[in-house]
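Notes for the one structure printed next.
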Amino acid sequence: MSNIIGLLDIGRGALLSHQRAISTTGHNIANVNTPG
């Protein structure tokens, strides 16, 4: 049972990591025309 929980935790970490990457990309796209 602990193996399943470990795998789910790894999947959760991967999803959170991708969510942060998508959020950062969205911010970069939103600020593409901002000078500086």
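Letters A, B, ... mark the chains of the structure tokens in the order given; residue numbers begin at 1 per chain; ligand numbers begin at 1, in order shown.
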
Per DSSP on the backbone, what are the helix (DSSP H, G or I) residues of chain A, as an mmCIF file with C-alpha atoms, in the first residue's frame?
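Written out: states-v7.cif:
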data_model
loop_
_atom_site.group_PDB
_atom_site.id
_atom_site.type_symbol
_atom_site.label_atom_id
_atom_site.label_comp_id
_atom_site.auth_asym_id
_atom_site.auth_seq_id
_atom_site.Cartn_x
_atom_site.Cartn_y
_atom_site.Cartn_z
ATOM 1 C CA SER A 2 2.850 2.387 0.758
ATOM 2 C CA ASN A 3 4.155 1.904 -2.803
ATOM 3 C CA ILE A 4 0.873 3.169 -4.222
ATOM 4 C CA ILE A 5 0.951 6.197 -1.936
ATOM 5 C CA GLY A 6 4.545 6.885 -2.957
ATOM 6 C CA LEU A 7 3.655 6.702 -6.637
ATOM 7 C CA LEU A 8 0.683 9.011 -6.133
ATOM 8 C CA ASP A 9 2.927 11.468 -4.307
ATOM 9 C CA ILE A 10 5.420 11.420 -7.193
ATOM 10 C CA GLY A 11 2.576 12.062 -9.635
ATOM 11 C CA ARG A 12 1.296 14.901 -7.461
ATOM 12 C CA GLY A 13 4.744 16.492 -7.414
ATOM 13 C CA ALA A 14 5.012 16.219 -11.187
ATOM 14 C CA LEU A 15 1.599 17.826 -11.679
ATOM 15 C CA LEU A 16 2.468 20.703 -9.348
ATOM 16 C CA SER A 17 5.758 21.233 -11.166
ATOM 17 C CA HIS A 18 4.038 21.380 -14.550
ATOM 18 C CA GLN A 19 1.386 23.707 -13.135
ATOM 19 C CA ARG A 20 4.112 26.144 -12.049
ATOM 20 C CA ALA A 21 5.768 25.919 -15.465
ATOM 21 C CA ILE A 22 2.487 26.634 -17.266
ATOM 22 C CA SER A 23 1.789 29.544 -14.910
ATOM 23 C CA THR A 24 5.235 31.022 -15.587
ATOM 24 C CA THR A 25 4.735 30.646 -19.329
ATOM 25 C CA GLY A 26 1.379 32.402 -19.041
ATOM 26 C CA HIS A 27 2.964 35.302 -17.170
ATOM 27 C CA ASN A 28 5.702 35.560 -19.788
ATOM 28 C CA ILE A 29 3.144 35.653 -22.597
ATOM 29 C CA ALA A 30 1.069 38.253 -20.743
#
